[in-house]
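File shown here: coords11.cif, holding mmCIF, C-alpha atoms and all ligand atoms.
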data_entry
loop_
_atom_site.label_atom_id
_atom_site.label_comp_id
_atom_site.auth_asym_id
_atom_site.auth_seq_id
_atom_site.Cartn_x
_atom_site.Cartn_y
_atom_site.Cartn_z
CA LEU K 483 -18.08 -4.28 -14.97
CA CYS K 484 -14.79 -2.61 -14.18
CA PRO K 485 -11.25 -3.58 -13.18
CA GLY K 486 -10.83 -4.62 -9.55
CA PHE K 487 -9.24 -2.20 -7.12
CA ILE K 488 -5.52 -2.32 -6.36
CA ASP K 489 -4.56 -1.35 -2.82
CA LEU K 490 -0.85 -0.51 -2.86
CA HIS K 491 -0.27 -0.35 0.90
CA VAL K 492 -1.98 -2.33 3.65
CA HIS K 493 -0.59 -3.46 7.01
CA ALA K 494 -2.53 -6.70 7.35
CA PRO K 495 -1.90 -7.23 11.11
CA GLN K 496 -2.93 -3.65 11.88
CA PHE K 497 -6.46 -4.49 10.71
CA ALA K 498 -6.86 -5.69 14.33
CA PHE K 499 -6.96 -2.07 15.50
CA ALA K 500 -8.23 -0.27 12.40
CA GLY K 501 -10.80 2.30 13.43
CA THR K 502 -8.99 3.10 16.68
CA ALA K 503 -5.61 4.48 17.74
CA THR K 504 -5.13 7.62 15.68
CA ASP K 505 -4.22 9.83 18.63
CA ARG K 506 -0.39 9.75 18.55
CA PRO K 507 2.24 11.06 16.16
CA LEU K 508 3.80 8.42 13.90
CA LEU K 509 6.82 7.34 15.96
CA GLN K 510 4.85 7.12 19.23
CA TRP K 511 2.03 5.38 17.38
CA LEU K 512 4.42 2.64 16.28
CA GLU K 513 5.65 2.09 19.86
CA THR K 514 2.22 2.27 21.47
CA TYR K 515 -0.04 0.35 19.10
CA THR K 516 1.77 -1.18 16.16
CA PHE K 517 4.70 -3.08 17.62
CA PRO K 518 2.70 -4.73 20.47
CA THR K 519 -0.05 -5.79 18.03
CA GLU K 520 2.38 -7.18 15.46
CA ARG K 521 4.36 -9.00 18.15
CA ARG K 522 1.21 -10.77 19.27
CA PHE K 523 1.06 -12.49 15.85
CA ARG K 524 4.24 -14.38 16.78
CA GLU K 525 2.84 -15.55 20.09
CA ASP K 526 -0.67 -16.40 18.97
CA LEU K 527 -0.95 -17.95 15.49
CA LYS K 528 -4.68 -18.50 15.99
CA TYR K 529 -5.08 -14.77 16.43
CA ALA K 530 -3.02 -14.22 13.28
CA GLN K 531 -5.33 -16.55 11.40
CA THR K 532 -8.45 -14.76 12.63
CA VAL K 533 -7.19 -11.26 11.80
CA TYR K 534 -5.75 -12.24 8.41
CA HIS K 535 -8.93 -14.03 7.41
CA ALA K 536 -10.90 -10.93 8.36
CA VAL K 537 -8.71 -8.46 6.46
CA VAL K 538 -8.54 -10.53 3.27
CA SER K 539 -12.32 -11.10 3.33
CA GLU K 540 -13.05 -7.44 4.04
CA LEU K 541 -10.81 -6.18 1.25
CA LEU K 542 -12.29 -8.65 -1.23
CA ALA K 543 -15.81 -7.61 -0.20
CA ASN K 544 -14.77 -4.06 -0.96
CA GLY K 545 -13.63 -5.01 -4.44
CA THR K 546 -9.88 -5.07 -3.81
CA THR K 547 -8.56 -7.75 -6.13
CA THR K 548 -4.87 -6.96 -5.52
CA ALA K 549 -3.30 -5.88 -2.22
CA VAL K 550 0.29 -5.11 -1.23
CA TYR K 551 0.52 -6.46 2.31
CA PHE K 552 3.05 -5.67 4.99
CA ALA K 553 2.85 -8.64 7.36
CA THR K 554 5.01 -8.84 10.51
CA LEU K 555 8.63 -9.48 11.48
CA ASP K 556 8.18 -13.23 12.03
CA VAL K 557 8.07 -15.63 9.14
CA GLU K 558 5.51 -18.07 10.56
CA PRO K 559 2.57 -15.62 10.64
CA CYS K 560 3.67 -14.35 7.20
CA ARG K 561 3.07 -17.86 5.85
CA ILE K 562 -0.44 -17.78 7.31
CA LEU K 563 -1.21 -14.58 5.40
CA VAL K 564 0.12 -16.14 2.17
CA ASP K 565 -2.07 -19.23 2.72
CA ILE K 566 -5.22 -17.24 3.46
CA ALA K 567 -4.88 -14.86 0.49
CA PHE K 568 -4.11 -17.83 -1.79
CA LYS K 569 -7.06 -19.86 -0.51
CA GLN K 570 -9.50 -16.93 -0.72
CA GLY K 571 -8.26 -16.19 -4.26
CA GLN K 572 -7.05 -12.66 -3.68
CA ARG K 573 -4.05 -11.43 -5.65
CA ALA K 574 -1.49 -10.35 -3.08
CA LEU K 575 2.08 -9.21 -2.66
CA VAL K 576 3.19 -10.32 0.79
CA GLY K 577 6.24 -8.99 2.60
CA LYS K 578 8.03 -9.97 5.78
CA VAL K 579 8.67 -6.70 7.59
CA CYS K 580 12.40 -6.18 8.26
CA MET K 581 13.82 -4.40 11.32
CA ASP K 582 17.28 -4.80 12.83
CA ARG K 583 17.60 -1.59 14.87
CA ASN K 584 15.57 1.04 16.70
CA ALA K 585 12.80 -1.44 17.46
CA PRO K 586 11.76 -2.97 20.80
CA THR K 587 14.28 -5.64 21.88
CA ASP K 588 11.54 -8.29 21.84
CA TYR K 589 10.37 -7.24 18.37
CA CYS K 590 13.66 -6.89 16.51
CA HIS K 591 15.79 -9.47 14.69
CA SER K 592 19.46 -9.58 13.74
CA THR K 593 20.49 -8.47 10.26
CA GLU K 594 21.22 -12.10 9.32
CA GLN K 595 17.87 -13.38 10.57
CA ASN K 596 15.98 -10.69 8.63
CA ILE K 597 17.74 -11.72 5.44
CA ARG K 598 17.33 -15.44 6.08
CA ASP K 599 13.63 -15.11 6.93
CA THR K 600 12.99 -12.92 3.89
CA GLU K 601 14.52 -15.62 1.69
CA THR K 602 12.47 -18.29 3.49
CA LEU K 603 9.25 -16.39 2.81
CA ILE K 604 10.14 -15.80 -0.85
CA ALA K 605 10.77 -19.55 -1.26
CA TYR K 606 7.48 -20.34 0.49
CA ILE K 607 5.57 -17.99 -1.84
CA TYR K 608 7.15 -19.59 -4.92
CA GLN K 609 6.31 -23.02 -3.55
CA THR K 610 2.70 -22.03 -2.83
CA ALA K 611 1.80 -19.94 -5.87
CA GLY K 612 4.49 -20.73 -8.43
CA ARG K 613 7.13 -18.52 -9.97
CA ARG K 614 6.53 -15.72 -12.40
CA THR K 615 7.44 -16.44 -16.00
CA SER K 616 7.31 -14.18 -19.04
CA THR K 617 4.64 -16.27 -20.75
CA GLY K 618 2.46 -18.05 -18.16
CA SER K 619 -0.29 -16.41 -16.15
CA LEU K 620 0.77 -14.27 -13.22
CA PRO K 621 1.11 -16.21 -9.93
CA LEU K 622 -1.59 -15.18 -7.48
CA ILE K 623 0.88 -14.38 -4.69
CA LEU K 624 4.12 -12.50 -5.30
CA PRO K 625 6.91 -11.79 -2.82
CA VAL K 626 7.82 -8.23 -1.88
CA ILE K 627 11.00 -7.21 -0.07
CA THR K 628 9.87 -5.08 2.87
CA PRO K 629 12.23 -2.95 4.98
CA ARG K 630 9.77 -1.16 7.34
CA PHE K 631 11.49 2.19 6.92
CA ILE K 632 14.99 3.62 7.09
CA PRO K 633 15.16 4.25 10.87
CA THR K 634 14.62 0.55 11.73
CA CYS K 635 17.08 -0.85 9.16
CA THR K 636 20.88 -0.74 9.26
CA PRO K 637 22.80 0.05 6.05
CA GLN K 638 23.96 -3.60 6.02
CA LEU K 639 20.37 -4.82 6.03
CA LEU K 640 19.24 -2.33 3.37
CA ARG K 641 22.14 -3.31 1.12
CA ALA K 642 21.42 -7.02 1.54
CA LEU K 643 17.72 -6.47 0.78
CA GLY K 644 18.64 -4.48 -2.34
CA ASP K 645 20.80 -7.43 -3.45
CA LEU K 646 17.95 -9.89 -2.78
CA ALA K 647 15.54 -7.78 -4.84
CA LYS K 648 17.98 -7.98 -7.72
CA VAL K 649 18.62 -11.71 -7.41
CA HIS K 650 14.90 -12.55 -7.32
CA SER K 651 13.85 -9.69 -9.59
CA CYS K 652 10.97 -9.12 -7.19
CA HIS K 653 9.02 -6.17 -5.85
CA VAL K 654 10.20 -3.89 -3.04
CA THR K 655 8.10 -1.77 -0.71
CA SER K 656 8.71 0.55 2.22
CA HIS K 657 7.77 3.95 3.64
CA ILE K 658 9.47 7.07 2.30
CA SER K 659 9.51 10.63 3.67
CA GLU K 660 6.26 10.19 5.56
CA SER K 661 6.48 12.64 8.46
CA VAL K 662 8.71 15.50 9.63
CA ASP K 663 10.16 13.56 12.57
CA GLU K 664 10.77 10.42 10.48
CA VAL K 665 12.61 12.42 7.80
CA GLU K 666 14.73 14.16 10.43
CA TRP K 667 15.56 10.86 12.18
CA SER K 668 16.55 9.20 8.88
CA ARG K 669 18.89 12.09 8.07
CA GLN K 670 20.54 11.95 11.49
CA LEU K 671 21.05 8.20 11.23
CA ASP K 672 22.44 8.48 7.71
CA GLN K 673 24.91 11.15 8.79
CA VAL K 674 26.22 8.80 11.50
CA ASP K 675 26.13 5.75 9.20
CA GLN K 676 28.07 7.49 6.43
CA LYS K 677 30.60 8.99 8.85
CA ASN K 678 32.30 11.66 6.74
CA ILE K 679 29.34 13.52 5.34
CA SER K 680 28.26 16.87 6.73
CA GLU K 681 24.55 16.24 6.38
CA GLY K 682 22.41 13.10 6.16
CA ARG K 683 20.83 12.34 2.80
CA SER K 684 17.14 12.26 1.92
CA ASP K 685 15.19 8.98 2.17
CA ALA K 686 15.12 8.70 -1.62
CA ILE K 687 18.90 8.98 -1.98
CA VAL K 688 19.49 6.54 0.90
CA PHE K 689 17.15 3.89 -0.55
CA ASP K 690 18.66 4.39 -3.98
CA SER K 691 22.21 3.98 -2.68
CA TYR K 692 21.27 0.45 -1.51
CA GLY K 693 19.67 -0.55 -4.81
CA LEU K 694 16.12 -0.42 -3.47
CA LEU K 695 14.60 2.18 -5.80
CA THR K 696 13.70 -0.02 -8.74
CA ASP K 697 10.94 -0.11 -11.33
CA GLN K 698 9.28 -2.77 -9.16
CA CYS K 699 9.38 -0.65 -6.01
CA ILE K 700 6.34 0.92 -4.36
CA MET K 701 7.10 3.52 -1.71
CA ALA K 702 4.30 4.68 0.58
CA HIS K 703 3.52 8.35 1.26
CA GLY K 704 6.40 10.51 0.00
CA VAL K 705 4.71 13.70 1.18
CA TYR K 706 8.05 15.15 2.37
CA LEU K 707 10.15 14.17 -0.63
CA GLN K 708 12.25 17.13 -1.71
CA ASP K 709 10.65 18.70 -4.68
CA ASP K 710 12.31 18.13 -8.04
CA SER K 711 15.48 16.27 -7.05
CA ASP K 712 13.84 13.40 -5.13
CA TRP K 713 10.88 13.22 -7.48
CA ALA K 714 13.15 13.18 -10.52
CA LEU K 715 15.15 10.36 -8.94
CA LEU K 716 12.00 8.26 -8.40
CA ARG K 717 10.90 9.03 -11.94
CA SER K 718 14.21 8.00 -13.44
CA ARG K 719 14.16 4.71 -11.49
CA GLY K 720 10.50 4.00 -12.34
CA THR K 721 9.73 3.78 -8.61
CA SER K 722 6.12 4.45 -7.71
CA ILE K 723 4.31 6.11 -4.82
CA ALA K 724 1.42 4.62 -2.89
CA HIS K 725 -0.73 7.63 -2.11
CA CYS K 726 -2.43 7.17 1.29
CA PRO K 727 -4.57 10.30 1.65
CA LEU K 728 -6.50 9.50 4.85
CA SER K 729 -3.44 8.25 6.70
CA ASN K 730 -1.55 11.38 5.64
CA PHE K 731 -4.19 13.58 7.28
CA PHE K 732 -3.59 11.79 10.60
CA PHE K 733 0.13 10.99 10.56
CA ALA K 734 1.88 13.11 7.93
CA GLY K 735 0.26 16.50 8.34
CA ASN K 736 0.81 17.13 4.67
CA VAL K 737 -0.76 16.36 1.31
CA LEU K 738 0.90 14.68 -1.65
CA PRO K 739 0.82 16.92 -4.77
CA THR K 740 -0.66 13.98 -6.64
CA ARG K 741 -1.99 15.72 -9.72
CA ARG K 742 1.24 17.58 -10.40
CA LEU K 743 3.27 14.40 -10.00
CA MET K 744 0.97 12.53 -12.36
CA GLN K 745 1.49 15.29 -14.92
CA ARG K 746 5.26 15.04 -14.51
CA GLY K 747 5.16 11.33 -15.18
CA ASN K 748 5.72 9.91 -11.68
CA ARG K 749 3.98 6.57 -11.22
CA ILE K 750 1.31 6.81 -8.54
CA GLY K 751 -1.41 4.53 -7.23
CA LEU K 752 -3.72 4.59 -4.27
CA ALA K 753 -3.82 2.82 -0.91
CA THR K 754 -5.84 2.51 2.28
CA ASP K 755 -2.78 2.23 4.57
CA ILE K 756 -4.67 0.24 7.16
CA ALA K 757 -4.44 1.04 10.05
CA GLY K 758 -2.96 4.51 9.53
CA GLY K 759 -6.06 4.87 7.40
CA SER K 760 -9.15 3.32 8.97
CA SER K 761 -11.24 2.29 5.97
CA PRO K 762 -10.62 -0.91 4.00
CA SER K 763 -12.50 0.56 1.01
CA MET K 764 -10.64 1.79 -2.04
CA LEU K 765 -13.75 3.77 -3.01
CA HIS K 766 -13.32 5.57 0.31
CA SER K 767 -9.62 6.07 -0.35
CA ALA K 768 -10.45 7.46 -3.80
CA ARG K 769 -12.81 10.00 -2.22
CA MET K 770 -10.14 10.93 0.32
CA ALA K 771 -7.70 11.56 -2.55
CA VAL K 772 -10.19 14.02 -4.03
CA VAL K 773 -10.70 15.73 -0.64
CA ALA K 774 -6.93 15.86 -0.03
CA SER K 775 -6.37 17.56 -3.37
CA ARG K 776 -9.01 20.15 -2.46
CA ALA K 777 -7.34 20.73 0.90
CA LEU K 778 -4.02 21.26 -0.89
CA HIS K 779 -5.62 23.74 -3.23
CA HIS K 780 -7.09 25.69 -0.29
CA HIS K 781 -3.77 25.52 1.57
CA GLN K 782 -2.11 27.15 -1.44
CA ASN K 783 -4.69 29.94 -1.03
CA THR K 784 -6.21 28.75 -4.29
CA GLN K 785 -3.35 30.59 -6.02
CA SER K 786 -2.29 27.53 -7.94
CA ASN K 787 -3.87 26.49 -11.18
CA GLU K 788 -6.71 24.05 -10.43
CA ASP K 789 -5.56 21.75 -13.22
CA ASP K 790 -2.22 21.27 -11.47
CA VAL K 791 -3.73 20.39 -8.10
CA ILE K 792 -7.31 19.18 -8.01
CA LEU K 793 -8.26 15.56 -8.58
CA ASP K 794 -11.79 14.55 -9.47
CA TYR K 795 -13.49 11.15 -9.20
CA ARG K 796 -12.10 10.10 -12.60
CA HIS K 797 -8.48 10.69 -11.59
CA ALA K 798 -9.14 8.89 -8.31
CA PHE K 799 -10.75 5.92 -10.08
CA PHE K 800 -7.72 5.72 -12.37
CA LEU K 801 -5.35 5.75 -9.35
CA ALA K 802 -7.38 2.96 -7.69
CA THR K 803 -7.19 0.70 -10.76
CA LEU K 804 -4.81 1.19 -13.70
CA GLY K 805 -2.61 3.63 -11.76
CA GLY K 806 -2.05 0.86 -9.20
CA ALA K 807 -1.29 -1.68 -11.92
CA GLU K 808 1.25 0.68 -13.52
CA SER K 809 2.78 1.30 -10.10
CA LEU K 810 3.34 -2.45 -9.75
CA GLY K 811 4.65 -2.73 -13.31
CA LEU K 812 1.77 -5.14 -13.99
CA GLN K 813 -0.27 -2.98 -16.36
CA ASP K 814 -0.05 -5.62 -19.07
CA ARG K 815 -1.75 -8.15 -16.73
CA ILE K 816 -4.19 -6.26 -14.48
CA GLY K 817 -5.80 -2.83 -14.06
CA THR K 818 -7.79 -2.75 -17.27
CA PHE K 819 -9.39 -5.14 -19.74
CA ARG K 820 -7.59 -6.40 -22.81
CA VAL K 821 -7.45 -9.80 -24.44
CA GLY K 822 -4.89 -11.97 -22.68
CA MET K 823 -5.02 -10.14 -19.34
CA GLU K 824 -5.87 -11.81 -16.04
CA PHE K 825 -9.50 -10.67 -15.69
CA ASP K 826 -9.40 -9.19 -12.20
CA ALA K 827 -12.79 -7.50 -12.18
CA ILE K 828 -15.73 -6.33 -10.13
CA ILE K 829 -19.37 -5.76 -10.88
CA LEU K 830 -20.46 -2.43 -9.46
CA SER K 831 -24.18 -1.96 -9.24
CA ALA K 832 -26.23 1.07 -8.31
CA ALA K 833 -29.44 -0.97 -8.42
CA ASN K 834 -31.46 -0.67 -5.27
CA GLN K 835 -33.78 -3.61 -5.63
CA ASP K 836 -33.10 -4.90 -2.14
CA GLY K 837 -33.18 -1.45 -0.54
CA ARG K 838 -29.55 -1.69 0.60
CA SER K 839 -27.79 0.55 -1.90
CA PRO K 840 -26.88 4.04 -0.68
CA ILE K 841 -27.34 5.23 -4.28
CA HIS K 842 -30.55 6.41 -5.88
CA VAL K 843 -30.76 6.60 -9.65
CA PHE K 844 -33.40 8.76 -11.30
CA GLU K 845 -34.64 8.97 -14.86
CA THR K 846 -32.62 12.15 -15.35
CA ASP K 847 -29.34 10.28 -14.73
CA ASN K 848 -27.31 9.16 -17.71
CA VAL K 849 -24.74 6.37 -17.54
CA GLY K 850 -21.98 8.85 -16.68
CA ASP K 851 -24.01 10.13 -13.74
CA VAL K 852 -24.55 6.59 -12.48
CA PHE K 853 -20.82 5.88 -12.66
CA GLN K 854 -20.04 9.13 -10.84
CA LYS K 855 -22.58 8.28 -8.14
CA LEU K 856 -20.97 4.86 -7.72
CA CYS K 857 -17.54 6.50 -7.30
CA VAL K 858 -18.73 9.20 -4.93
CA LEU K 859 -21.44 7.41 -2.93
CA GLY K 860 -20.77 3.71 -3.41
CA ASP K 861 -19.53 1.21 -0.86
CA ASP K 862 -19.27 -2.56 -0.45
CA ARG K 863 -23.06 -2.87 -0.84
CA ASN K 864 -22.58 -1.83 -4.46
CA ILE K 865 -19.88 -4.40 -5.19
CA ARG K 866 -21.91 -7.37 -6.30
CA ARG K 867 -19.32 -9.73 -7.74
CA VAL K 868 -15.56 -9.98 -7.50
CA PHE K 869 -13.34 -11.93 -9.90
CA VAL K 870 -9.62 -12.61 -9.66
CA GLN K 871 -7.87 -14.33 -12.55
CA GLY K 872 -11.29 -15.11 -13.99
CA LYS K 873 -12.45 -16.90 -10.86
CA ASP K 874 -15.47 -15.75 -8.87
CA VAL K 875 -14.13 -14.92 -5.40
CA THR K 876 -17.11 -12.93 -4.16
CA VAL K 877 -17.36 -12.89 -0.37
CA GLN K 878 -20.85 -13.77 0.78
CA ARG K 879 -21.84 -11.33 3.48
CA THR K 880 -24.23 -12.66 6.09
CA ARG K 881 -26.31 -9.65 6.94
ZN ZN T 1 2.42 2.02 6.23
#
So, in terms of structure tokens, how does the structure I just supplied come out?
Ligand SMILES: [Zn+2]
Amino acid sequence: LCPGFIDLHVHAPQFAFAGTATDRPLLQWLETYTFPTERRFREDLKYAQTVYHAVVSELLANGTTTAVYFATLDVEPCRILVDIAFKQGQRALVGKVCMDRNAPTDYCHSTEQNIRDTETLIAYIYQTAGRRTSTGSLPLILPVITPRFIPTCTPQLLRALGDLAKVHSCHVTSHISESVDEVEWSRQLDQVDQKNISEGRSDAIVFDSYGLLTDQCIMAHGVYLQDDSDWALLRSRGTSIAHCPLSNFFFAGNVLPTRRLMQRGNRIGLATDIAGGSSPSMLHSARMAVVASRALHHHQNTQSNEDDVILDYRHAFFLATLGGAESLGLQDRIGTFRVGMEFDAIILSAANQDGRSPIHVFETDNVGDVFQKLCVLGDDRNIRRVFVQGKDVTVQRTR
């Protein structure tokens, strides 16, 4: 019995093409695959329902009890995702993606409409799941303010979203310093936006200037954050990073120095980043985090001290559970077991009585070995029961 997994970054609509479409660099990938898919959710609510039901079920079957979901630009399909997560009993943070520039004309809204629709979705989430209070149990669905990333959001929109986050005291999420071309584009835009400055600012400074780097903010990736200054800024704000190791191999071309950042006190959790990452499994993401740390160590010609770079299965398990809870600022409610917490839990089993487990346990294995085998070899076949807020929400697979 262990805490359920917390996936800090999932694009729910992109589940439609997860497992395909990893052949373009980030900005082309958005134009070619992402925007057309997300736009379809506006035109075809039945399709939205089918995909959202599939992604919520699949994540639950993989033991993800909390997910931070990017939905789409349009508020109607966002409501469908809220309804499905609520009905299936998955804890979810759901965000309406905001874009008011540098997006296709038929998949872009005005600044005012982005703000209005974000407020509409927040109200709908409160109406569906209740509002958070300091004493009651945590509502199952929480709102999250979601500018897609700096290039698609004007300064006016970012400022208004920062104000909304303050008014509602709610979570914020976005992408930060993900790829070389994105970082460059953000800087160029910022230089134009700010007029009199000689050089555009880093993503971290831009987000911070609009009040978006808060202690309830989860930024994805961060692999190109400027060492020290940007990281110190995130640390001082209590802003966390969603580490998306598999996606970073495909779209970032760089590895997050996760271990070093953990040692410095930056808050970090783990994510699948569907569909930049193909697997819905946090166990898979945890393994990718270990592999990524090894790749980083090799890239540094193994000069660096292993203890500053390499993650093992225990670090990765922490990132997938309590690290995620700390990143959300919800460590007193989820991510571990203490009296009074929400009991978001999974039963992991290595038992092979039905011949379906990929794990084999021998008499020479002690309990630590079994746990390590579950972390390194396990998959959804080993996740036997899933509980959220004490309720059994196990997805029955029909195999
Ligand atoms: Zn993403």
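Here CA of Ala768 in chain K stands at a distance of 17.0 Å from CA of Asp851 in chain K.
The smallest atom-to-atom distance between Arg838 in chain K and any of K:Arg796, K:Arg820, K:Arg746, K:Arg866, using all atoms listed in the file, is found for K:Arg866.
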Do you know which residues are at most 10 Å from Asp645 in chain K counting all atoms listed in the file, after dropping those on the same chain fewer than 4 positions away, and could you put them as a VMD selection string?
-> chain K and resid 639 to 641 649 to 651 692 to 694
Test item: residues lying within 9 Å of ligand ZN 1 (chain T) with all atoms listed in the file, as a VMD selection string = chain K and resid 491 to 493 552 630 656 to 657 702 to 703 726 729 755 to 758
Do you know which residues are at most 9 Å from range 566-577 of chain K counting only C-alpha atoms, after dropping those on the same chain fewer than 2 positions away, and could you put them as number ranges by chain?
-> K: 531, 534-535, 538-539, 541-542, 546-554, 560-564, 579-580, 600, 603-604, 607, 610-611, 621-629, 653-655, 826, 869-871, 873-875, 877
Residue rebuild result range 622-630 of chain K, all heavy atoms as an mmCIF file, in the frame of the given file:
data_model
loop_
_atom_site.group_PDB
_atom_site.id
_atom_site.type_symbol
_atom_site.label_atom_id
_atom_site.label_comp_id
_atom_site.auth_asym_id
_atom_site.auth_seq_id
_atom_site.Cartn_x
_atom_site.Cartn_y
_atom_site.Cartn_z
ATOM 1 N N LEU K 622 -0.649 -15.950 -8.305
ATOM 2 C CA LEU K 622 -1.590 -15.180 -7.480
ATOM 3 C C LEU K 622 -0.867 -14.417 -6.363
ATOM 4 O O LEU K 622 -1.228 -13.293 -6.035
ATOM 5 C CB LEU K 622 -2.622 -16.138 -6.879
ATOM 6 C CG LEU K 622 -3.936 -15.533 -6.422
ATOM 7 C CD1 LEU K 622 -4.669 -14.861 -7.572
ATOM 8 C CD2 LEU K 622 -4.811 -16.594 -5.784
ATOM 9 N N ILE K 623 0.139 -15.040 -5.782
ATOM 10 C CA ILE K 623 0.880 -14.380 -4.690
ATOM 11 C C ILE K 623 2.310 -14.104 -5.156
ATOM 12 O O ILE K 623 2.976 -14.983 -5.700
ATOM 13 C CB ILE K 623 0.947 -15.283 -3.426
ATOM 14 C CG1 ILE K 623 -0.409 -15.925 -3.118
ATOM 15 C CG2 ILE K 623 1.489 -14.496 -2.232
ATOM 16 C CD1 ILE K 623 -1.475 -15.008 -2.620
ATOM 17 N N LEU K 624 2.755 -12.888 -4.938
ATOM 18 C CA LEU K 624 4.120 -12.500 -5.300
ATOM 19 C C LEU K 624 4.849 -12.034 -4.034
ATOM 20 O O LEU K 624 4.244 -11.438 -3.140
ATOM 21 C CB LEU K 624 4.093 -11.347 -6.320
ATOM 22 C CG LEU K 624 3.480 -11.645 -7.689
ATOM 23 C CD1 LEU K 624 3.319 -10.344 -8.485
ATOM 24 C CD2 LEU K 624 4.347 -12.630 -8.471
ATOM 25 N N PRO K 625 6.152 -12.285 -3.972
ATOM 26 C CA PRO K 625 6.910 -11.790 -2.820
ATOM 27 C C PRO K 625 7.228 -10.306 -2.957
ATOM 28 O O PRO K 625 7.327 -9.794 -4.075
ATOM 29 C CB PRO K 625 8.194 -12.625 -2.874
ATOM 30 C CG PRO K 625 8.361 -12.999 -4.311
ATOM 31 C CD PRO K 625 6.990 -13.045 -4.924
ATOM 32 N N VAL K 626 7.380 -9.628 -1.846
ATOM 33 C CA VAL K 626 7.820 -8.230 -1.880
ATOM 34 C C VAL K 626 8.796 -8.011 -0.718
ATOM 35 O O VAL K 626 8.507 -8.334 0.431
ATOM 36 C CB VAL K 626 6.608 -7.250 -1.868
ATOM 37 C CG1 VAL K 626 5.660 -7.495 -0.710
ATOM 38 C CG2 VAL K 626 7.068 -5.790 -1.874
ATOM 39 N N ILE K 627 9.957 -7.493 -1.058
ATOM 40 C CA ILE K 627 11.000 -7.210 -0.070
ATOM 41 C C ILE K 627 10.571 -5.982 0.729
ATOM 42 O O ILE K 627 10.238 -4.949 0.132
ATOM 43 C CB ILE K 627 12.336 -6.927 -0.788
ATOM 44 C CG1 ILE K 627 12.660 -8.085 -1.721
ATOM 45 C CG2 ILE K 627 13.441 -6.529 0.196
ATOM 46 C CD1 ILE K 627 13.755 -8.976 -1.394
ATOM 47 N N THR K 628 10.581 -6.084 2.075
ATOM 48 C CA THR K 628 9.870 -5.080 2.870
ATOM 49 C C THR K 628 10.672 -4.540 4.066
ATOM 50 O O THR K 628 10.405 -4.920 5.213
ATOM 51 C CB THR K 628 8.516 -5.662 3.346
ATOM 52 O OG1 THR K 628 7.835 -6.237 2.225
ATOM 53 C CG2 THR K 628 7.629 -4.604 3.968
ATOM 54 N N PRO K 629 11.669 -3.675 3.837
ATOM 55 C CA PRO K 629 12.230 -2.950 4.980
ATOM 56 C C PRO K 629 11.138 -2.003 5.519
ATOM 57 O O PRO K 629 10.487 -1.339 4.720
ATOM 58 C CB PRO K 629 13.383 -2.148 4.370
ATOM 59 C CG PRO K 629 13.112 -2.076 2.908
ATOM 60 C CD PRO K 629 12.253 -3.250 2.544
ATOM 61 N N ARG K 630 10.899 -1.989 6.863
ATOM 62 C CA ARG K 630 9.770 -1.160 7.340
ATOM 63 C C ARG K 630 9.971 0.292 6.935
ATOM 64 O O ARG K 630 9.124 0.871 6.263
ATOM 65 C CB ARG K 630 9.608 -1.245 8.854
ATOM 66 C CG ARG K 630 8.405 -0.403 9.337
ATOM 67 C CD ARG K 630 8.256 -0.371 10.827
ATOM 68 N NE ARG K 630 7.802 -1.633 11.354
ATOM 69 C CZ ARG K 630 6.516 -2.036 11.402
ATOM 70 N NH1 ARG K 630 5.561 -1.252 10.938
ATOM 71 N NH2 ARG K 630 6.196 -3.209 11.897
#
